[in-house]
file my_file-v8.cif (mmCIF, C-alpha atoms and all ligand atoms)
data_my_file
loop_
_atom_site.label_atom_id
_atom_site.label_comp_id
_atom_site.auth_asym_id
_atom_site.auth_seq_id
_atom_site.Cartn_x
_atom_site.Cartn_y
_atom_site.Cartn_z
CA MET C 158 44.89 10.12 1.65
CA THR C 159 42.10 11.08 4.05
CA ALA C 160 38.50 11.48 2.93
CA THR C 161 37.55 15.01 1.87
CA ALA C 162 34.46 17.21 1.68
CA THR C 163 33.93 15.95 -1.85
CA ASP C 164 33.20 12.45 -0.57
CA ILE C 165 30.82 10.40 -2.67
CA PRO C 166 28.22 8.78 -0.43
CA LEU C 167 27.13 5.19 -0.87
CA LEU C 168 23.46 6.23 -0.70
CA SER C 169 21.87 9.65 -0.54
CA ILE C 170 18.32 10.97 -0.52
CA LYS C 171 19.33 14.61 -0.13
CA ALA C 172 19.07 15.64 -3.79
CA GLN C 173 15.80 13.78 -4.27
CA ASN C 174 14.19 15.42 -1.26
CA ALA C 175 15.57 18.86 -2.13
CA ALA C 176 14.13 18.69 -5.66
CA LEU C 177 10.69 17.79 -4.30
CA ALA C 178 10.84 19.82 -1.08
CA GLU C 179 7.91 22.13 -1.79
CA GLU C 180 5.66 19.30 -2.96
CA LEU C 181 6.60 17.10 0.00
CA LYS C 182 5.93 19.88 2.50
CA ALA C 183 2.60 20.67 0.84
CA ALA C 184 1.63 16.99 1.03
CA ALA C 185 2.46 16.77 4.74
CA CYS C 186 0.64 20.06 5.46
CA ARG C 187 -2.38 18.85 3.51
CA VAL C 188 -2.70 15.96 5.95
CA LEU C 189 -2.09 18.17 9.01
CA ASP C 190 -4.76 20.61 7.85
CA SER C 191 -7.24 17.86 7.07
CA GLY C 192 -7.05 16.28 10.52
CA ALA C 193 -7.58 12.86 8.88
CA PHE C 194 -4.54 10.95 10.15
CA ILE C 195 -5.49 7.27 10.05
CA LEU C 196 -6.58 5.28 6.97
CA GLY C 197 -7.90 8.36 5.20
CA PRO C 198 -7.85 9.61 1.63
CA GLU C 199 -4.05 9.51 1.29
CA ASN C 200 -3.98 5.77 2.06
CA LYS C 201 -6.79 5.20 -0.39
CA GLY C 202 -5.03 7.19 -3.09
CA PHE C 203 -1.68 5.55 -2.45
CA ASP C 204 -3.13 2.04 -2.50
CA ALA C 205 -4.73 2.64 -5.90
CA GLU C 206 -1.64 4.33 -7.34
CA PHE C 207 0.78 1.70 -6.03
CA ALA C 208 -1.37 -1.12 -7.38
CA ALA C 209 -1.39 0.58 -10.78
CA ALA C 210 2.38 1.15 -10.72
CA THR C 211 3.22 -2.45 -9.78
CA GLY C 212 0.59 -4.05 -12.00
CA ALA C 213 -1.09 -5.71 -9.00
CA LYS C 214 -4.83 -5.94 -8.58
CA HIS C 215 -4.68 -4.76 -4.96
CA ALA C 216 -2.21 -2.86 -2.79
CA LEU C 217 -2.36 -1.78 0.83
CA GLY C 218 0.01 0.38 2.79
CA VAL C 219 1.50 -0.82 6.07
CA ASP C 220 3.93 0.63 8.59
CA SER C 221 7.11 -1.17 7.37
CA GLY C 222 8.47 -3.82 5.05
CA THR C 223 8.95 -6.08 8.07
CA SER C 224 5.24 -5.84 8.92
CA ALA C 225 4.39 -6.49 5.28
CA LEU C 226 6.32 -9.78 5.33
CA GLU C 227 4.80 -10.82 8.65
CA LEU C 228 1.24 -10.07 7.55
CA ALA C 229 1.71 -11.83 4.21
CA LEU C 230 2.97 -15.02 5.87
CA GLU C 231 0.27 -14.88 8.54
CA ALA C 232 -2.44 -14.36 5.93
CA ALA C 233 -1.01 -17.32 4.03
CA GLY C 234 -1.66 -19.44 7.13
CA VAL C 235 1.94 -19.76 8.37
CA GLY C 236 2.09 -20.57 12.08
CA PRO C 237 3.73 -22.71 14.73
CA GLY C 238 5.23 -25.95 13.42
CA ASP C 239 5.52 -24.68 9.85
CA GLU C 240 8.74 -24.21 7.91
CA VAL C 241 9.43 -21.26 5.65
CA ILE C 242 12.31 -21.42 3.17
CA VAL C 243 14.26 -18.16 2.92
CA PRO C 244 17.66 -17.29 1.50
CA ALA C 245 20.57 -17.27 3.96
CA PHE C 246 21.85 -14.14 2.24
CA THR C 247 19.32 -11.35 2.81
CA PHE C 248 18.26 -8.76 5.37
CA VAL C 249 17.15 -10.43 8.59
CA ALA C 250 13.48 -9.37 8.32
CA THR C 251 12.92 -11.97 5.59
CA ALA C 252 13.55 -14.67 8.20
CA THR C 253 12.20 -13.03 11.36
CA ALA C 254 8.82 -12.68 9.64
CA ALA C 255 8.54 -16.48 9.90
CA SER C 256 10.02 -16.63 13.40
CA VAL C 257 7.58 -14.17 14.98
CA LEU C 258 4.72 -16.37 13.76
CA GLY C 259 6.23 -19.35 15.56
CA ALA C 260 7.38 -20.92 12.29
CA ARG C 261 10.93 -22.04 11.57
CA PRO C 262 12.95 -20.23 8.89
CA VAL C 263 14.89 -22.77 6.82
CA PHE C 264 17.94 -21.22 5.20
CA ALA C 265 18.61 -22.03 1.56
CA ASP C 266 21.66 -21.01 -0.43
CA VAL C 267 21.77 -18.36 -3.16
CA ASP C 268 22.73 -18.52 -6.80
CA PRO C 269 26.33 -17.27 -7.11
CA GLU C 270 25.55 -15.03 -10.06
CA THR C 271 22.30 -13.30 -9.03
CA LEU C 272 22.70 -13.75 -5.25
CA THR C 273 19.01 -14.66 -5.10
CA LEU C 274 17.40 -17.86 -3.76
CA ASP C 275 18.80 -20.91 -5.55
CA PRO C 276 15.84 -23.11 -6.58
CA ARG C 277 17.95 -26.30 -6.33
CA SER C 278 18.95 -25.51 -2.78
CA ALA C 279 15.34 -24.62 -1.91
CA GLU C 280 14.11 -27.88 -3.42
CA ARG C 281 16.48 -29.96 -1.29
CA LEU C 282 15.10 -28.34 1.87
CA ILE C 283 11.40 -28.92 1.21
CA THR C 284 9.70 -31.16 3.78
CA ALA C 285 6.09 -31.98 4.63
CA LYS C 286 6.18 -28.96 6.96
CA THR C 287 7.18 -26.43 4.29
CA LYS C 288 4.38 -23.89 4.11
CA ALA C 289 5.97 -21.02 2.24
CA ILE C 290 9.00 -19.93 0.23
CA VAL C 291 10.16 -16.31 0.33
CA PRO C 292 12.32 -15.35 -2.65
CA VAL C 293 14.08 -12.00 -2.23
CA HIS C 294 14.77 -9.89 -5.33
CA LEU C 295 18.00 -8.86 -3.69
CA PHE C 296 19.70 -5.58 -4.63
CA GLY C 297 16.89 -5.11 -7.17
CA HIS C 298 17.67 -8.24 -9.21
CA PRO C 299 14.73 -10.62 -9.75
CA ALA C 300 14.99 -14.14 -8.38
CA ASP C 301 14.48 -17.17 -10.65
CA MET C 302 10.68 -17.08 -10.45
CA ASP C 303 10.08 -19.69 -13.18
CA ALA C 304 11.93 -22.39 -11.25
CA LEU C 305 10.72 -21.30 -7.80
CA GLY C 306 7.13 -20.95 -9.01
CA ALA C 307 7.19 -24.46 -10.54
CA LEU C 308 8.66 -25.88 -7.36
CA ALA C 309 6.02 -24.28 -5.16
CA GLN C 310 3.08 -24.97 -7.41
CA ALA C 311 3.84 -28.66 -7.74
CA ARG C 312 3.73 -29.02 -3.95
CA GLY C 313 1.03 -26.54 -2.96
CA ILE C 314 3.56 -24.26 -1.22
CA THR C 315 2.79 -20.54 -0.97
CA ILE C 316 5.20 -17.99 -2.42
CA VAL C 317 5.53 -14.59 -0.77
CA GLU C 318 7.90 -12.30 -2.66
CA ASP C 319 10.19 -9.98 -0.71
CA CYS C 320 10.19 -6.91 -2.98
CA ALA C 321 11.78 -4.59 -0.39
CA GLN C 322 14.64 -3.83 -2.79
CA SER C 323 12.97 -4.32 -6.15
CA HIS C 324 10.19 -1.77 -6.72
CA LEU C 325 9.07 -2.08 -10.38
CA ALA C 326 11.79 -4.53 -11.40
CA ARG C 327 10.75 -6.97 -14.13
CA TYR C 328 11.33 -10.69 -14.49
CA LYS C 329 11.15 -11.90 -18.12
CA GLY C 330 8.93 -8.97 -19.02
CA ARG C 331 6.59 -9.28 -16.04
CA PRO C 332 6.69 -7.03 -12.98
CA VAL C 333 8.03 -8.69 -9.84
CA GLY C 334 5.47 -9.05 -7.07
CA GLY C 335 2.99 -10.91 -9.26
CA PHE C 336 4.43 -14.41 -8.91
CA GLY C 337 3.07 -15.45 -5.54
CA ALA C 338 0.18 -15.08 -3.13
CA ALA C 339 1.42 -11.65 -2.03
CA ALA C 340 4.44 -9.37 -2.24
CA ALA C 341 6.00 -7.28 0.53
CA TYR C 342 7.56 -3.85 -0.09
CA SER C 343 9.66 -1.61 2.14
CA PHE C 344 9.72 2.16 1.86
CA TYR C 345 12.60 2.62 4.29
CA PRO C 346 13.90 6.10 3.36
CA THR C 347 16.84 4.93 1.20
CA LYS C 348 14.88 2.34 -0.76
CA ASN C 349 14.18 3.00 -4.47
CA LEU C 350 10.87 4.42 -3.23
CA GLY C 351 11.38 5.79 0.26
CA ALA C 352 9.09 7.45 2.80
CA ALA C 353 10.06 10.08 5.38
CA GLY C 354 10.26 7.38 8.04
CA ASP C 355 9.19 3.75 8.22
CA ALA C 356 6.58 2.51 5.75
CA GLY C 357 5.78 -0.48 3.59
CA ALA C 358 3.10 -2.07 1.43
CA LEU C 359 1.61 -5.35 0.32
CA THR C 360 0.33 -6.27 -3.10
CA THR C 361 -1.77 -9.23 -4.18
CA ASP C 362 -3.98 -10.27 -7.06
CA SER C 363 -6.38 -12.11 -4.78
CA ALA C 364 -9.38 -10.28 -3.30
CA GLU C 365 -9.56 -12.90 -0.56
CA MET C 366 -5.94 -12.39 0.40
CA ARG C 367 -6.42 -8.60 0.32
CA ASP C 368 -9.35 -8.86 2.73
CA ARG C 369 -7.38 -11.05 5.13
CA LEU C 370 -4.50 -8.58 5.04
CA LEU C 371 -6.84 -5.61 5.63
CA VAL C 372 -8.25 -7.31 8.72
CA LEU C 373 -4.82 -8.34 10.08
CA ARG C 374 -3.41 -4.83 9.47
CA ASN C 375 -6.17 -3.14 11.43
CA CYS C 376 -6.33 -4.96 14.80
CA GLY C 377 -8.38 -7.87 13.46
CA ARG C 378 -11.40 -5.64 12.95
CA SER C 379 -14.01 -6.89 10.53
CA LEU C 380 -14.19 -4.96 7.30
CA GLY C 381 -16.94 -2.36 7.60
CA ALA C 382 -17.54 -3.02 11.33
CA ALA C 383 -15.03 -1.06 13.41
CA TYR C 384 -15.70 -2.85 16.71
CA GLN C 385 -16.26 -6.41 15.55
CA TYR C 386 -13.06 -8.42 15.83
CA GLU C 387 -12.91 -11.45 13.61
CA ARG C 388 -9.37 -12.58 14.44
CA VAL C 389 -6.37 -11.57 16.49
CA GLY C 390 -4.69 -8.88 14.43
CA HIS C 391 -2.09 -6.13 14.63
CA ASN C 392 -1.85 -2.40 14.23
CA CYS C 393 0.34 -2.10 11.13
CA ARG C 394 -1.46 0.79 9.45
CA LEU C 395 0.39 3.25 7.21
CA ASP C 396 0.34 6.86 8.50
CA GLU C 397 -1.54 9.32 6.32
CA ILE C 398 1.49 11.64 6.26
CA GLN C 399 3.72 8.85 4.95
CA ALA C 400 1.08 7.89 2.38
CA ALA C 401 0.95 11.51 1.18
CA ILE C 402 4.77 11.67 0.92
CA LEU C 403 4.87 8.36 -0.96
CA ARG C 404 2.26 9.59 -3.45
CA VAL C 405 4.51 12.51 -4.36
CA LYS C 406 7.53 10.26 -4.80
CA LEU C 407 5.82 7.36 -6.57
CA LYS C 408 5.29 9.51 -9.68
CA HIS C 409 9.07 9.78 -10.05
CA LEU C 410 9.94 6.13 -9.37
CA PRO C 411 10.13 4.94 -13.02
CA ARG C 412 12.47 7.84 -13.85
CA TRP C 413 14.61 7.17 -10.77
CA ASN C 414 14.86 3.49 -11.66
CA ASP C 415 15.96 4.44 -15.19
CA ALA C 416 18.60 6.71 -13.67
CA ARG C 417 19.85 3.86 -11.46
CA ARG C 418 20.07 1.59 -14.51
CA ARG C 419 22.04 4.28 -16.29
CA VAL C 420 24.52 4.53 -13.40
CA ALA C 421 24.79 0.71 -13.46
CA ALA C 422 25.52 0.78 -17.21
CA LEU C 423 28.26 3.38 -16.67
CA TYR C 424 29.82 1.24 -13.93
CA ARG C 425 29.58 -1.83 -16.14
CA GLU C 426 31.35 -0.10 -19.00
CA GLY C 427 33.97 1.53 -16.81
CA LEU C 428 34.74 -1.52 -14.70
CA LYS C 429 34.81 -4.05 -17.54
CA GLY C 430 37.80 -6.34 -17.35
CA VAL C 431 39.11 -5.18 -13.96
CA PRO C 432 41.08 -8.22 -12.74
CA GLY C 433 39.55 -9.95 -9.73
CA LEU C 434 36.34 -7.94 -9.83
CA THR C 435 32.94 -9.54 -10.56
CA LEU C 436 30.10 -7.25 -11.63
CA PRO C 437 26.40 -7.85 -10.90
CA PRO C 438 24.24 -9.26 -13.70
CA SER C 439 22.68 -6.68 -16.02
CA GLY C 440 19.48 -8.61 -16.72
CA GLU C 441 18.54 -10.09 -20.08
CA GLY C 442 15.52 -11.57 -21.85
CA GLY C 443 13.11 -8.97 -20.44
CA THR C 444 14.55 -9.20 -16.93
CA GLN C 445 15.09 -5.66 -15.73
CA PRO C 446 16.81 -5.12 -12.38
CA VAL C 447 16.36 -1.80 -10.58
CA PHE C 448 19.76 -1.66 -8.86
CA HIS C 449 18.75 -0.82 -5.34
CA LEU C 450 22.46 -1.44 -4.81
CA PHE C 451 25.30 -1.95 -7.27
CA THR C 452 27.19 -4.79 -5.63
CA VAL C 453 30.52 -6.03 -6.94
CA ARG C 454 32.55 -8.95 -5.64
CA SER C 455 36.24 -9.25 -4.88
CA SER C 456 38.25 -11.84 -3.00
CA ARG C 457 40.15 -8.83 -1.53
CA ARG C 458 36.93 -7.02 -0.53
CA ASP C 459 38.13 -5.56 2.78
CA ALA C 460 41.28 -4.08 1.23
CA LEU C 461 39.24 -2.69 -1.68
CA ALA C 462 36.79 -1.09 0.78
CA GLU C 463 39.64 0.55 2.70
CA HIS C 464 41.18 1.78 -0.53
CA LEU C 465 37.87 3.32 -1.70
CA LYS C 466 37.18 4.96 1.64
CA SER C 467 40.68 6.50 1.65
CA ARG C 468 39.76 8.12 -1.66
CA GLY C 469 36.47 9.50 -0.38
CA VAL C 470 34.33 6.88 -2.08
CA GLY C 471 31.53 5.52 0.10
CA CYS C 472 30.93 1.78 -0.01
CA GLY C 473 29.23 -0.79 2.18
CA VAL C 474 28.91 -4.49 2.90
CA TYR C 475 25.41 -5.83 2.45
CA TYR C 476 25.58 -8.29 4.19
CA PRO C 477 28.57 -9.29 6.31
CA SER C 478 27.11 -12.47 7.80
CA PRO C 479 24.73 -15.12 6.50
CA LEU C 480 21.58 -15.64 8.55
CA HIS C 481 22.16 -19.32 9.34
CA LEU C 482 25.35 -18.31 11.18
CA SER C 483 23.97 -15.27 12.99
CA ALA C 484 23.55 -15.28 16.78
CA ALA C 485 19.81 -14.74 16.40
CA TYR C 486 19.52 -18.17 14.79
CA ALA C 487 22.19 -20.09 16.71
CA SER C 488 19.45 -22.25 18.24
CA LEU C 489 18.64 -23.65 14.78
CA GLY C 490 22.08 -25.25 14.63
CA GLY C 491 23.32 -23.77 11.34
CA ARG C 492 26.93 -24.61 10.53
CA ALA C 493 29.65 -23.09 8.37
CA GLY C 494 29.43 -24.84 5.02
CA ASP C 495 25.63 -25.24 5.05
CA CYS C 496 25.18 -22.44 2.50
CA PRO C 497 28.59 -22.04 0.85
CA GLU C 498 27.58 -19.46 -1.77
CA SER C 499 25.92 -17.24 0.84
CA GLU C 500 28.99 -17.53 3.06
CA ARG C 501 31.31 -16.66 0.17
CA ALA C 502 29.09 -13.72 -0.82
CA CYS C 503 29.35 -12.35 2.73
CA ARG C 504 33.15 -12.37 2.40
CA GLU C 505 33.25 -10.87 -1.10
CA VAL C 506 30.42 -8.37 -1.67
CA LEU C 507 30.94 -4.63 -1.75
CA SER C 508 28.27 -2.12 -2.75
CA LEU C 509 29.41 0.98 -4.63
CA PRO C 510 27.67 4.39 -4.55
CA MET C 511 24.22 4.09 -6.13
CA PHE C 512 21.34 6.53 -6.18
CA ALA C 513 19.33 8.11 -8.96
CA GLU C 514 20.96 11.56 -8.69
CA LEU C 515 24.56 10.30 -8.63
CA PRO C 516 26.33 12.60 -11.14
CA ASP C 517 28.34 11.15 -14.02
CA ASP C 518 31.56 12.74 -12.79
CA ALA C 519 31.10 11.03 -9.43
CA VAL C 520 30.55 7.69 -11.18
CA ALA C 521 33.75 8.34 -13.14
CA ARG C 522 35.61 9.03 -9.87
CA VAL C 523 34.35 5.79 -8.39
CA ILE C 524 35.46 3.89 -11.49
CA ASP C 525 38.91 5.51 -11.38
CA ALA C 526 39.24 4.68 -7.70
CA VAL C 527 38.32 1.03 -8.24
CA ARG C 528 40.69 0.80 -11.20
CA ALA C 529 43.52 2.26 -9.12
CA PHE C 530 43.24 -0.56 -6.56
CA ARG C 531 46.27 -2.85 -6.56
C1 LIG C 601 15.27 -7.58 1.67
C2 LIG C 601 14.55 -6.82 2.75
N1 LIG C 601 13.47 -7.37 3.33
C3 LIG C 601 12.79 -6.72 4.29
C4 LIG C 601 13.16 -5.47 4.72
C5 LIG C 601 12.42 -4.83 5.86
O1 LIG C 601 11.89 -3.58 5.54
P1 LIG C 601 11.69 -2.46 6.66
O2 LIG C 601 13.03 -1.93 7.03
O3 LIG C 601 10.84 -1.43 5.96
O4 LIG C 601 10.98 -3.08 7.81
C6 LIG C 601 14.26 -4.85 4.12
C7 LIG C 601 14.67 -3.49 4.54
O5 LIG C 601 15.78 -3.18 4.78
C8 LIG C 601 14.98 -5.54 3.12
O6 LIG C 601 16.05 -4.99 2.52
#
call {"tool": "encode", "arguments": {"input": "my_file-v8.cif", "output": "structure tokens"}}
result
Amino acid sequence: MTATATDIPLLSIKAQNAALAEELKAAACRVLDSGAFILGPENKGFDAEFAAATGAKHALGVDSGTSALELALEAAGVGPGDEVIVPAFTFVATATAASVLGARPVFADVDPETLTLDPRSAERLITAKTKAIVPVHLFGHPADMDALGALAQARGITIVEDCAQSHLARYKGRPVGGFGAAAAYSFYPTKNLGAAGDAGALTTDSAEMRDRLLVLRNCGRSLGAAYQYERVGHNCRLDEIQAAILRVKLKHLPRWNDARRRVAALYREGLKGVPGLTLPPSGEGGTQPVFHLFTVRSSRRDALAEHLKSRGVGCGVYYPSPLHLSAAYASLGGRAGDCPESERACREVLSLPMFAELPDDAVARVIDAVRAFR
């Protein structure tokens, strides 16, 4: 069967943007009319509102999640000669943030159930050069912050959380993003909170860290003195138009996350007991994932993906190759077998359609399609 016009996309922001179209246009026009395009009132408003939403003391917008990770590590003092432990199974920006600072990313394995950084693997890789650990709350599921926090604290290692896929998720009752020196967020358009282009943010509970990040974000300029440069910085500012768009969308984020959890619950119920299929963890004991993606596992992943696509069901592989085996990091000498769970995940994962506006009948079609796979 070939795919039809009634295809179910893996991700879609169409319905979300259509529902808010008038408000989003008004927000963009407000900025155009104001003529205040750089670090103006929309940034100020967004920073305060995002801090309140995430439970952080401070938030600051930046131009992408990648920049957020880079600035957080730089502000934490990461530089040449340092090692930064990151999961082998994540988006590449988690690791390149260390590389661009001249530090070496050290790839740890992931827990087979949550697909987040395995504290035991991280512990084995700690050396005298380890400066930071970057847990990723992958697919919206919180990493094991109790174990990772204990590990880091005992050795004076900085934690920077990669919250690019986990806006407002909770770990044992506490919001993610509050377990380290800083947290990095992405607002890539299809994220749980997405801008109309590239955007990101940092959160921290430390006023000192916030000030360092503010300086680094804005060309190294001293706070309150536009043409005094206190260190070599970057231009990673968040556009006012993106800040205005994000302010409109942020109000809806808790509801959208609830809707994602509802879709996840429907999948869980409908896919229970399917032979050979492993479902993602639902979260317990106050741990609340936000299902940026709903990622199942199958040892026959490629055949399942073909089957779903032939029935008009969108699906995707996040991620097909572990970072220690990617060409970008060949010089680090990673070998097959170094991170077996990450390698297995890359062979088995398949993400099913997931977005807040996914209708129940579409979820039912996805479930039927998966169940029909032989
Ligand atoms: C886990 C993770 N970290 C970092 C990033 C980088 O964010 P951005 O694309 O906004 O630079 C992403 C975005 O895809 C991500 O998924």
call {"tool": "closest_atom_pairs", "arguments": {"input": "my_file-v8.cif", "of": "chain C", "to": "ligand LIG 601 (chain C)", "cutoff": "8 Å", "atoms": "only C-alpha atoms and all ligand atoms", "output": "Markdown table"}}
result
| residue | atom | partner | partner_atom | distance |
| --- | --- | --- | --- | --- |
| C:Asp220 | CA | C:LIG601 | O3 | 7.7 |
| C:Ser221 | CA | C:LIG601 | O3 | 4.0 |
| C:Gly222 | CA | C:LIG601 | O1 | 3.5 |
| C:Thr223 | CA | C:LIG601 | O4 | 3.6 |
| C:Ser224 | CA | C:LIG601 | O4 | 6.5 |
| C:Ala225 | CA | C:LIG601 | O4 | 7.8 |
| C:Leu226 | CA | C:LIG601 | C3 | 7.2 |
| C:Thr247 | CA | C:LIG601 | C1 | 5.6 |
| C:Phe248 | CA | C:LIG601 | C1 | 4.9 |
| C:Val249 | CA | C:LIG601 | N1 | 7.1 |
| C:Ala250 | CA | C:LIG601 | C3 | 4.9 |
| C:Thr251 | CA | C:LIG601 | N1 | 5.2 |
| C:Val293 | CA | C:LIG601 | C1 | 6.0 |
| C:His294 | CA | C:LIG601 | C1 | 7.4 |
| C:Leu295 | CA | C:LIG601 | C1 | 6.1 |
| C:Phe296 | CA | C:LIG601 | C1 | 8.0 |
| C:Asp319 | CA | C:LIG601 | N1 | 5.8 |
| C:Cys320 | CA | C:LIG601 | C1 | 6.9 |
| C:Ala321 | CA | C:LIG601 | C2 | 4.7 |
| C:Gln322 | CA | C:LIG601 | O6 | 5.6 |
| C:Ala341 | CA | C:LIG601 | C3 | 7.8 |
| C:Tyr342 | CA | C:LIG601 | O1 | 7.1 |
| C:Ser343 | CA | C:LIG601 | O3 | 4.0 |
| C:Phe344 | CA | C:LIG601 | O3 | 5.6 |
| C:Tyr345 | CA | C:LIG601 | O3 | 4.7 |
| C:Lys348 | CA | C:LIG601 | O5 | 7.9 |
| C:Asp355 | CA | C:LIG601 | O3 | 5.9 |
| C:Ala356 | CA | C:LIG601 | O3 | 5.8 |
| C:Gly357 | CA | C:LIG601 | O3 | 5.7 |
call {"tool": "write_last_selection", "arguments": {"input": "my_file-v8.cif", "atoms": "C-alpha atoms", "output": "mmCIF file, in the coordinates of the input"}}
result
data_model
loop_
_atom_site.group_PDB
_atom_site.id
_atom_site.type_symbol
_atom_site.label_atom_id
_atom_site.label_comp_id
_atom_site.auth_asym_id
_atom_site.auth_seq_id
_atom_site.Cartn_x
_atom_site.Cartn_y
_atom_site.Cartn_z
ATOM 1 C CA ASP C 220 3.930 0.630 8.590
ATOM 2 C CA SER C 221 7.110 -1.170 7.370
ATOM 3 C CA GLY C 222 8.470 -3.820 5.050
ATOM 4 C CA THR C 223 8.950 -6.080 8.070
ATOM 5 C CA SER C 224 5.240 -5.840 8.920
ATOM 6 C CA ALA C 225 4.390 -6.490 5.280
ATOM 7 C CA LEU C 226 6.320 -9.780 5.330
ATOM 8 C CA THR C 247 19.320 -11.350 2.810
ATOM 9 C CA PHE C 248 18.260 -8.760 5.370
ATOM 10 C CA VAL C 249 17.150 -10.430 8.590
ATOM 11 C CA ALA C 250 13.480 -9.370 8.320
ATOM 12 C CA THR C 251 12.920 -11.970 5.590
ATOM 13 C CA VAL C 293 14.080 -12.000 -2.230
ATOM 14 C CA HIS C 294 14.770 -9.890 -5.330
ATOM 15 C CA LEU C 295 18.000 -8.860 -3.690
ATOM 16 C CA PHE C 296 19.700 -5.580 -4.630
ATOM 17 C CA ASP C 319 10.190 -9.980 -0.710
ATOM 18 C CA CYS C 320 10.190 -6.910 -2.980
ATOM 19 C CA ALA C 321 11.780 -4.590 -0.390
ATOM 20 C CA GLN C 322 14.640 -3.830 -2.790
ATOM 21 C CA ALA C 341 6.000 -7.280 0.530
ATOM 22 C CA TYR C 342 7.560 -3.850 -0.090
ATOM 23 C CA SER C 343 9.660 -1.610 2.140
ATOM 24 C CA PHE C 344 9.720 2.160 1.860
ATOM 25 C CA TYR C 345 12.600 2.620 4.290
ATOM 26 C CA LYS C 348 14.880 2.340 -0.760
ATOM 27 C CA ASP C 355 9.190 3.750 8.220
ATOM 28 C CA ALA C 356 6.580 2.510 5.750
ATOM 29 C CA GLY C 357 5.780 -0.480 3.590
#
call {"tool": "atom_distance", "arguments": {"input": "my_file-v8.cif", "atom1": "atom CA of C:Ser467", "atom2": "atom CA of C:Val431"}}
result
19.6 Å
call {"tool": "closest_residue", "arguments": {"input": "my_file-v8.cif", "among": "C:Ser191, C:Asn200, C:Thr253, C:Gln173", "to": "C:Ala400", "atoms": "all atoms listed in the file"}}
result
C:Asn200
call {"tool": "residues_around", "arguments": {"input": "my_file-v8.cif", "residues": "C:Val405", "least_positions_apart": "5", "cutoff": "10 Å", "atoms": "all atoms listed in the file", "output": "PyMOL selection string"}}
result
chain C and resi 177+180-181+183-184+203+352+400+410
call {"tool": "closest_residue", "arguments": {"input": "my_file-v8.cif", "among": "C:Ile290, C:Ile283, C:Ala252, C:Val219", "to": "C:Ile195", "atoms": "all atoms listed in the file"}}
result
C:Val219
call {"tool": "residues_around", "arguments": {"input": "my_file-v8.cif", "residues": "C:Arg454", "least_positions_apart": "3", "cutoff": "9 Å", "atoms": "all atoms listed in the file", "output": "ChimeraX atom specification"}}
result
/C:433-437,457-458,502,504-508
call {"tool": "closest_residue", "arguments": {"input": "my_file-v8.cif", "among": "C:Val523, C:Ala260, C:Ala265, C:Leu373", "to": "C:Gly238", "atoms": "all atoms listed in the file"}}
result
C:Ala260
call {"tool": "residues_around", "arguments": {"input": "my_file-v8.cif", "residues": "C:Ala245", "least_positions_apart": "3", "cutoff": "12 Å", "atoms": "only C-alpha atoms", "output": "VMD selection string"}}
result
chain C and resid 241 to 242 248 to 253 262 to 268 272 to 275 278 to 279 291 to 293 295 476 to 483 486 491 to 503
call {"tool": "write_last_selection", "arguments": {"input": "my_file-v8.cif", "atoms": "C-alpha atoms", "output": "short mmCIF file (atom, residue, chain, number, x, y, z; two decimals), keeping the file's coordinate frame"}}
result
data_model
loop_
_atom_site.label_atom_id
_atom_site.label_comp_id
_atom_site.auth_asym_id
_atom_site.auth_seq_id
_atom_site.Cartn_x
_atom_site.Cartn_y
_atom_site.Cartn_z
CA VAL C 241 9.43 -21.26 5.65
CA ILE C 242 12.31 -21.42 3.17
CA PHE C 248 18.26 -8.76 5.37
CA VAL C 249 17.15 -10.43 8.59
CA ALA C 250 13.48 -9.37 8.32
CA THR C 251 12.92 -11.97 5.59
CA ALA C 252 13.55 -14.67 8.20
CA THR C 253 12.20 -13.03 11.36
CA PRO C 262 12.95 -20.23 8.89
CA VAL C 263 14.89 -22.77 6.82
CA PHE C 264 17.94 -21.22 5.20
CA ALA C 265 18.61 -22.03 1.56
CA ASP C 266 21.66 -21.01 -0.43
CA VAL C 267 21.77 -18.36 -3.16
CA ASP C 268 22.73 -18.52 -6.80
CA LEU C 272 22.70 -13.75 -5.25
CA THR C 273 19.01 -14.66 -5.10
CA LEU C 274 17.40 -17.86 -3.76
CA ASP C 275 18.80 -20.91 -5.55
CA SER C 278 18.95 -25.51 -2.78
CA ALA C 279 15.34 -24.62 -1.91
CA VAL C 291 10.16 -16.31 0.33
CA PRO C 292 12.32 -15.35 -2.65
CA VAL C 293 14.08 -12.00 -2.23
CA LEU C 295 18.00 -8.86 -3.69
CA TYR C 476 25.58 -8.29 4.19
CA PRO C 477 28.57 -9.29 6.31
CA SER C 478 27.11 -12.47 7.80
CA PRO C 479 24.73 -15.12 6.50
CA LEU C 480 21.58 -15.64 8.55
CA HIS C 481 22.16 -19.32 9.34
CA LEU C 482 25.35 -18.31 11.18
CA SER C 483 23.97 -15.27 12.99
CA TYR C 486 19.52 -18.17 14.79
CA GLY C 491 23.32 -23.77 11.34
CA ARG C 492 26.93 -24.61 10.53
CA ALA C 493 29.65 -23.09 8.37
CA GLY C 494 29.43 -24.84 5.02
CA ASP C 495 25.63 -25.24 5.05
CA CYS C 496 25.18 -22.44 2.50
CA PRO C 497 28.59 -22.04 0.85
CA GLU C 498 27.58 -19.46 -1.77
CA SER C 499 25.92 -17.24 0.84
CA GLU C 500 28.99 -17.53 3.06
CA ARG C 501 31.31 -16.66 0.17
CA ALA C 502 29.09 -13.72 -0.82
CA CYS C 503 29.35 -12.35 2.73
#
call {"tool": "atom_distance", "arguments": {"input": "my_file-v8.cif", "atom1": "atom CA of C:Val372", "atom2": "atom CA of C:Val389"}}
result
9.1 Å
